[in-house]
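Next comes protein_27.cif, with mmCIF, C-alpha atoms.
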data_final
#
loop_
_atom_site.label_atom_id
_atom_site.label_comp_id
_atom_site.auth_asym_id
_atom_site.auth_seq_id
_atom_site.Cartn_x
_atom_site.Cartn_y
_atom_site.Cartn_z
CA MET A 34 117.74 97.67 132.24
CA ALA A 35 116.27 101.18 132.55
CA ASN A 36 113.88 100.43 129.70
CA ASN A 37 112.89 96.98 130.93
CA ILE A 38 109.60 96.40 132.63
CA THR A 39 110.15 95.27 136.17
CA LYS A 40 108.06 94.02 139.05
CA GLU A 41 108.03 97.58 140.38
CA HIS A 42 106.54 98.78 137.08
CA ALA A 43 103.99 95.94 137.16
CA GLU A 44 102.87 96.99 140.64
CA LYS A 45 102.66 100.67 139.69
CA ILE A 46 100.58 99.80 136.64
CA ALA A 47 98.26 97.67 138.77
CA GLY A 48 97.76 100.64 141.09
CA LYS A 49 97.20 103.03 138.25
CA LEU A 50 94.70 100.78 136.48
CA GLU A 51 92.91 100.24 139.80
CA ALA A 52 93.49 96.50 139.55
CA VAL A 53 92.04 94.13 142.09
CA ILE A 54 94.91 92.02 143.44
CA GLU A 55 94.34 88.35 144.17
CA ALA A 56 97.16 86.65 146.05
CA GLY A 57 98.35 83.23 144.88
CA ALA A 58 101.22 80.87 145.60
CA LYS A 59 103.75 82.25 143.15
CA HIS A 60 101.86 85.19 141.70
CA ASP A 61 99.63 88.05 142.61
CA LEU A 62 97.00 88.24 139.93
CA ALA A 63 96.18 91.83 138.97
CA LYS A 64 92.62 91.86 137.63
CA ILE A 65 91.63 95.03 135.80
CA TYR A 66 87.99 96.03 135.49
CA TYR A 67 86.24 98.52 133.31
CA LYS A 68 82.58 99.23 133.94
CA ASP A 69 82.33 96.12 136.12
CA LYS A 70 83.77 93.85 133.41
CA ARG A 71 87.13 92.18 133.80
CA VAL A 72 88.99 93.35 130.71
CA ALA A 73 92.59 92.31 131.40
CA GLN A 74 94.72 90.53 133.95
CA TYR A 75 98.33 89.69 134.57
CA GLY A 76 100.51 87.94 137.08
CA ILE A 77 103.04 89.70 139.27
CA GLN A 78 105.64 87.33 140.65
CA ARG A 79 105.70 87.12 144.41
CA ASP A 80 108.98 86.74 146.25
CA SER A 81 110.92 88.38 143.45
CA LYS A 82 113.05 91.50 143.68
CA LYS A 83 111.47 94.79 142.68
CA ASP A 84 113.73 94.94 139.63
CA ALA A 85 112.82 91.39 138.52
CA PRO A 86 111.96 91.47 134.81
CA HIS A 87 108.24 91.43 133.97
CA THR A 88 108.76 91.96 130.26
CA TYR A 89 105.55 90.12 129.35
CA ILE A 90 103.23 92.72 130.92
CA PRO A 91 102.61 94.80 127.73
CA GLY A 92 101.07 91.79 125.93
CA GLN A 93 98.85 91.05 128.91
CA ILE A 94 97.38 94.55 129.00
CA PHE A 95 97.34 94.91 125.20
CA VAL A 96 99.69 97.84 124.82
CA SER A 97 103.17 98.36 123.42
CA LYS A 98 106.21 98.23 125.67
CA LYS A 99 106.51 102.00 125.27
CA ASP A 100 102.92 102.64 126.39
CA CYS A 101 103.39 100.17 129.22
CA LEU A 102 106.36 102.16 130.50
CA LEU A 103 104.39 105.38 130.06
CA LEU A 104 101.67 103.88 132.24
CA ALA A 105 104.19 102.97 134.90
CA GLN A 106 106.03 106.27 134.74
CA CYS A 107 102.89 108.43 134.72
CA PRO A 108 102.37 110.14 131.34
CA LEU A 109 99.74 107.59 130.27
CA SER A 110 96.60 107.60 132.42
CA ARG A 111 94.01 104.89 133.02
CA ASP A 112 91.67 106.82 130.70
CA GLY A 113 94.39 106.86 128.05
CA TRP A 114 94.82 103.13 128.44
CA VAL A 115 91.04 102.62 128.15
CA GLU A 116 91.08 104.58 124.88
CA ILE A 117 93.84 102.32 123.51
CA LEU A 118 91.84 99.20 124.42
CA LYS A 119 88.69 100.64 122.88
CA ALA A 120 90.59 101.25 119.65
CA LYS A 121 91.69 97.61 119.70
CA GLY A 122 88.21 96.28 120.47
CA ILE A 123 89.32 94.87 123.82
CA ILE A 124 86.83 97.18 125.51
CA GLU A 125 83.49 97.54 123.82
CA GLU A 126 81.94 100.96 123.25
CA ASP A 127 78.62 99.58 124.60
CA ASP A 128 80.14 99.73 128.06
CA THR A 129 80.48 103.51 127.90
CA ASP A 130 77.38 104.43 129.89
CA LYS A 131 78.00 101.95 132.69
CA GLU A 132 81.04 103.56 134.31
CA SER A 133 80.25 106.32 136.75
CA MET B 77 118.35 136.04 58.59
CA ALA B 78 119.34 132.57 59.69
CA PRO B 79 118.93 131.96 63.42
CA THR B 80 122.07 131.77 65.48
CA LYS B 81 123.10 128.16 65.88
CA LYS B 82 124.43 127.01 69.25
CA SER B 83 125.51 123.65 70.53
CA ILE B 84 123.13 121.74 72.77
CA ALA B 85 126.21 120.37 74.53
CA ASN B 86 126.40 123.69 76.35
CA VAL B 87 122.80 123.61 77.46
CA PRO B 88 122.50 122.75 81.15
CA VAL B 89 120.54 119.67 82.02
CA ASN B 90 117.81 121.65 83.78
CA ARG B 91 117.17 123.59 80.57
CA ILE B 92 116.77 120.30 78.71
CA GLU B 93 114.14 119.35 81.23
CA GLU B 94 112.36 122.58 80.41
CA PHE B 95 112.71 121.72 76.78
CA LEU B 96 111.06 118.38 77.31
CA GLY B 97 108.18 119.84 79.25
CA ASN B 98 107.45 123.05 77.41
CA PRO B 99 106.35 123.07 73.75
CA ASP B 100 107.04 126.80 73.39
CA ILE B 101 110.67 126.39 74.41
CA GLN B 102 110.90 123.40 72.10
CA ASN B 103 109.72 125.54 69.19
CA GLU B 104 112.08 128.36 70.14
CA TRP B 105 115.07 126.04 70.46
CA LYS B 106 114.22 123.91 67.46
CA THR B 107 115.45 126.66 65.18
CA SER B 108 118.48 127.63 67.22
CA LEU B 109 120.00 124.34 68.21
CA VAL B 110 122.15 122.12 66.14
CA PRO B 111 122.89 118.55 67.07
CA ASP B 112 126.52 117.78 67.56
CA GLU B 113 128.64 115.18 69.29
CA GLY B 114 127.64 116.58 72.66
CA LEU B 115 123.98 116.10 71.97
CA PRO B 116 123.47 112.38 72.41
CA SER B 117 125.46 112.02 75.60
CA LEU B 118 123.97 115.09 77.25
CA PHE B 119 120.47 114.91 75.97
CA PHE B 120 119.82 111.23 76.04
CA LEU B 121 121.38 110.68 79.41
CA HIS B 122 118.59 112.86 80.63
CA ALA B 123 116.05 111.46 78.23
CA CYS B 124 116.66 107.95 79.51
CA HIS B 125 114.89 109.01 82.66
CA GLN B 126 111.78 110.07 80.81
CA ASP B 127 109.06 107.78 79.58
CA ALA B 128 109.15 106.22 76.15
CA PHE B 129 106.77 108.75 74.68
CA ILE B 130 108.93 111.70 75.65
CA LYS B 131 112.04 109.96 74.34
CA LYS B 132 110.35 109.39 71.03
CA LYS B 133 109.08 112.93 70.94
CA ALA B 134 112.50 114.24 71.85
CA ILE B 135 114.10 112.49 68.91
CA GLU B 136 111.51 113.93 66.59
CA GLU B 137 111.72 117.43 68.00
CA ILE B 138 115.44 117.87 68.48
CA GLU B 139 116.49 117.70 64.88
CA PRO B 140 116.34 121.20 63.35
CA GLY B 141 115.83 120.85 59.68
CA GLY B 142 115.74 117.09 60.00
CA ALA B 143 118.61 114.94 61.11
CA SER B 144 120.22 112.36 58.91
CA SER B 145 118.90 108.85 59.23
CA ASP B 146 122.38 107.82 60.44
CA TRP B 147 122.24 110.30 63.27
CA THR B 148 118.75 109.19 64.26
CA SER B 149 119.80 105.57 64.20
CA LEU B 150 122.96 106.37 66.21
CA ALA B 151 120.94 108.33 68.74
CA GLN B 152 118.40 105.55 69.12
CA THR B 153 121.14 102.97 69.60
CA LEU B 154 122.83 105.19 72.14
CA MET B 155 119.56 105.77 73.94
CA GLU B 156 118.89 102.05 74.09
CA ARG B 157 122.39 101.41 75.39
CA LEU B 158 122.12 104.14 77.99
CA SER B 159 118.70 102.88 78.95
CA LEU B 160 120.12 99.37 79.31
CA VAL B 161 123.06 100.64 81.36
CA ASN B 162 120.65 102.56 83.57
CA ARG B 163 118.49 99.49 84.06
CA ILE B 164 121.49 97.32 84.86
CA GLU B 165 122.74 99.92 87.35
CA PHE B 166 119.28 100.12 88.88
CA VAL B 167 118.99 96.33 89.15
CA GLU B 168 122.51 96.09 90.62
CA LYS B 169 121.65 98.77 93.18
CA GLU B 170 118.37 97.06 94.08
CA LEU B 171 120.12 93.70 94.32
CA LYS B 172 122.65 95.20 96.70
CA ASN B 173 119.81 96.66 98.82
CA VAL B 174 117.92 93.37 98.86
CA SER B 175 121.08 91.45 99.69
CA SER B 176 121.90 93.80 102.56
CA ARG B 177 118.31 93.64 103.88
CA LEU B 178 118.33 89.85 103.63
CA THR B 179 121.55 89.66 105.64
CA ARG B 180 120.01 91.93 108.27
CA ILE B 181 116.79 89.89 108.41
CA GLU B 182 118.78 86.66 108.70
CA GLY B 183 120.66 88.16 111.62
CA LEU B 184 117.45 89.29 113.30
CA CYS B 185 115.79 85.89 112.76
CA GLU B 186 118.80 84.09 114.17
CA LYS B 187 118.73 86.37 117.20
CA ALA B 188 114.95 86.16 117.59
CA PHE B 189 114.76 82.38 117.42
CA GLN B 190 117.95 81.67 119.30
CA GLY B 191 117.05 79.68 122.33
CA VAL B 192 113.30 79.69 121.69
CA VAL B 193 111.85 76.35 122.75
CA CYS B 194 108.41 74.79 122.92
CA VAL B 195 107.80 72.93 126.15
CA PRO B 196 104.93 70.42 126.12
CA ILE B 197 102.75 70.53 129.21
CA SER B 198 101.60 67.06 130.15
CA THR B 199 100.55 67.41 133.76
CA PHE B 200 99.58 69.82 136.49
CA ALA B 201 100.16 67.26 139.25
CA PRO B 202 99.85 67.47 142.19
CA GLU B 203 97.18 70.11 141.51
CA PRO B 204 93.68 68.67 140.95
CA PHE B 205 93.60 69.53 137.26
CA GLU B 206 93.96 67.40 134.16
CA ILE B 207 94.84 68.17 130.60
CA ILE B 208 92.12 67.75 127.97
CA ARG B 209 94.48 67.94 125.02
CA ASP B 210 98.23 68.34 124.71
CA PHE B 211 99.55 71.85 124.53
CA SER B 212 102.88 73.61 124.74
CA VAL B 213 104.19 76.83 126.13
CA VAL B 214 106.81 78.79 124.24
CA VAL B 215 109.87 79.84 126.20
CA GLN B 216 111.80 82.80 124.84
CA PRO B 217 115.00 84.26 126.21
CA GLU B 218 114.75 87.94 127.08
CA GLU B 219 117.54 90.28 128.12
CA ASP B 220 117.64 89.24 131.77
CA CYS B 221 115.20 86.36 131.98
CA PHE B 222 113.13 83.74 130.16
CA VAL B 223 109.49 84.35 129.32
CA ALA B 224 107.09 81.41 129.01
CA THR B 225 103.86 82.03 127.14
CA LEU B 226 100.72 80.07 126.44
CA PHE B 227 99.85 81.97 123.29
CA ASP B 228 96.38 80.45 122.84
CA ALA B 229 95.30 82.08 126.08
CA ASN B 230 97.72 85.03 126.12
CA ILE B 231 99.17 84.06 129.49
CA SER B 232 102.82 84.75 130.24
CA SER B 233 105.18 84.62 133.13
CA SER B 234 108.93 84.76 133.48
CA GLY B 235 111.79 83.27 135.42
CA GLU B 236 115.54 83.39 135.73
CA THR B 237 115.78 79.98 134.06
CA ARG B 238 113.66 78.17 131.47
CA GLU B 239 112.45 75.73 134.11
CA GLU B 240 111.42 78.53 136.44
CA ALA B 241 109.60 80.35 133.65
CA VAL B 242 107.65 77.18 132.76
CA SER B 243 106.85 76.45 136.38
CA ASN B 244 105.67 80.05 136.86
CA VAL B 245 103.45 80.07 133.79
CA LYS B 246 101.88 76.75 134.85
CA ASP B 247 101.10 78.29 138.23
CA LEU B 248 99.61 81.35 136.59
CA ILE B 249 97.53 79.26 134.15
CA LEU B 250 95.88 77.46 137.05
CA MET B 251 95.42 80.65 139.01
CA ILE B 252 93.68 82.30 136.08
CA PHE B 253 91.62 79.14 135.43
CA ARG B 254 90.40 79.23 139.05
CA GLY B 255 89.74 82.94 138.68
CA PHE B 256 87.28 82.23 135.88
CA GLU B 257 85.19 80.06 138.19
CA ASP B 258 83.76 83.15 139.88
CA ASP B 259 80.87 85.14 138.50
CA ASP B 260 82.83 88.03 137.06
CA GLU B 261 81.47 89.62 133.94
CA LEU B 262 84.17 89.40 131.29
CA GLY B 263 85.34 91.57 128.42
CA PRO B 264 86.04 90.05 124.97
CA ALA B 265 89.71 89.29 125.62
CA MET B 266 88.93 87.60 128.93
CA ILE B 267 86.16 85.53 127.31
CA ARG B 268 88.66 84.34 124.70
CA GLN B 269 91.16 83.54 127.43
CA LYS B 270 88.57 81.60 129.42
CA HIS B 271 87.45 79.58 126.38
CA ALA B 272 91.06 78.80 125.48
CA LEU B 273 91.72 77.49 128.99
CA LEU B 274 88.46 75.51 129.10
CA SER B 275 89.52 73.75 125.90
CA LEU B 276 92.84 72.73 127.45
CA ILE B 277 92.30 71.86 131.10
CA ARG B 278 89.59 70.85 133.55
CA ARG B 279 89.24 70.02 137.20
CA LYS B 280 89.68 66.37 138.14
#
As structure tokens, how would this structure be written, given the file I've shared?
Amino acid sequence: MANNITKEHAEKIAGKLEAVIEAGAKHDLAKIYYKDKRVAQYGIQRDSKKDAPHTYIPGQIFVSKKDCLLLAQCPLSRDGWVEILKAKGIIEEDDTDKES
Amino acid sequence: MAPTKKSIANVPVNRIEEFLGNPDIQNEWKTSLVPDEGLPSLFFLHACHQDAFIKKKAIEEIEPGGASSDWTSLAQTLMERLSLVNRIEFVEKELKNVSSRLTRIEGLCEKAFQGVVCVPISTFAPEPFEIIRDFSVVVQPEEDCFVATLFDANISSSGETREEAVSNVKDLILMIFRGFEDDDELGPAMIRQKHALLSLIRRK
């Protein structure tokens, strides 16, 4: 369980990636922006315990489970995550000069 | 004075390797070695691991003063047999490896696909959305939950049961669909997700 991604992790990641949270009926939708473009998003289940499994989060933010946990537990920063997405073509290099 | 003759059977294998790789040592040893019963088993066991050219060269070089045609023929036969034995051992070893890997892969596949189901989505009622074409979500058991995924759009959610996972992913699909109705600028992955959803569902 210690290595599983939980709701608590999902919320920490949303905070770290400066996600905009949109509340829904069963989910909060964490929308992640980079240079004003929405580049990723994922659902966080409402009304679930903080240790409720959210094992699908890595696929939604295009990183491995290991990197996802690193994001939640601190060693991986938002900038580090951006670099991973750039390498995968999820974020385009053209956007570089837009972010302040 | 005739050079001192010594048996190659006493030559360590690493020296034979030197012999094979160094023409000077070959010349030096050519005059001081005499083939004996130890020669084929020691020398050719090693030689079997060399390429065909070296084997051939070894046969030519190892006979000081010229070996009898019987000896050459015996050595060649032995080399072929040893080579065959080596190949059989190699194939047996590889077969064992492949067999063990296959068993492991079968186990992993069985585990991976155990309980994986495709659930067709036919309606979003009572929500005001309709389905343009049939699609399914894949529900996979995880350690402590079930994860339902619409792979075409890379949308996943989870639940304690399969039903809950499907219900959650349907909710999330609609939430994301609605989210694309605003004017947000989208990155490549979000554009793909939007197009995938627009090809599957629409507002009534």
I need the chain B residues near chain A as a list of chain:residue names; criterion: at most 8 Å, counting all atoms listed in the file.
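Every residue meeting the condition is included here: B:Glu218, B:Asp220, B:Cys221, B:Val223, B:Asn230, B:Ile231, B:Ser232, B:Ser233, B:Ser234, B:Asn244, B:Asp247, B:Leu248, B:Met251, B:Ile252, B:Asp260, B:Glu261, B:Leu262, B:Gly263, B:Pro264, B:Ala265, B:Met266.
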The PyMOL selection byres ((chain B and resi 226) around 8) resolved against shown file, as number ranges by chain:
B: 212-214, 224-225, 227-232, 245
Output file for the residues above (C-alpha atoms, as a short mmCIF file (atom, residue, chain, number, x, y, z; two decimals), in the frame of the given file):
data_model
loop_
_atom_site.label_atom_id
_atom_site.label_comp_id
_atom_site.auth_asym_id
_atom_site.auth_seq_id
_atom_site.Cartn_x
_atom_site.Cartn_y
_atom_site.Cartn_z
CA SER B 212 102.88 73.61 124.74
CA VAL B 213 104.19 76.83 126.13
CA VAL B 214 106.81 78.79 124.24
CA ALA B 224 107.09 81.41 129.01
CA THR B 225 103.86 82.03 127.14
CA PHE B 227 99.85 81.97 123.29
CA ASP B 228 96.38 80.45 122.84
CA ALA B 229 95.30 82.08 126.08
CA ASN B 230 97.72 85.03 126.12
CA ILE B 231 99.17 84.06 129.49
CA SER B 232 102.82 84.75 130.24
CA VAL B 245 103.45 80.07 133.79
#
Å distance separating CA of Ala241 in chain B from CA of Val215 in chain B, one decimal place:
7.5 Å
Take CA of Leu102 in chain A and CA of His42 in chain A and report the distance between them in Å, one decimal.
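About the pair CA of Leu102 in chain A and CA of His42 in chain A: they are 7.4 Å apart.
Note that CA of Glu239 in chain B and CA of Gln216 in chain B are 11.7 Å apart.
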On this file, the PyMOL selection byres ((chain B and resi 200) around 12) gives some set of residues; write that set as a ChimeraX atom specification.
/B:196-199,201-208,210,242-251,276-280
Kindly indicate which residue among B:Lys169, B:Arg268, B:Gly235, B:Asp258 lies nearest to Lys40 in chain A, using all atoms listed in the file for the distances.
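Counting all atoms listed in the file, the residue closest to Lys40 in chain A is B:Gly235.
Among B:Leu273, B:Glu240, B:Leu184, B:Phe166, the residue with the shortest atom-to-atom distance to Gly255 in chain B, counting all atoms listed in the file, is B:Leu273.
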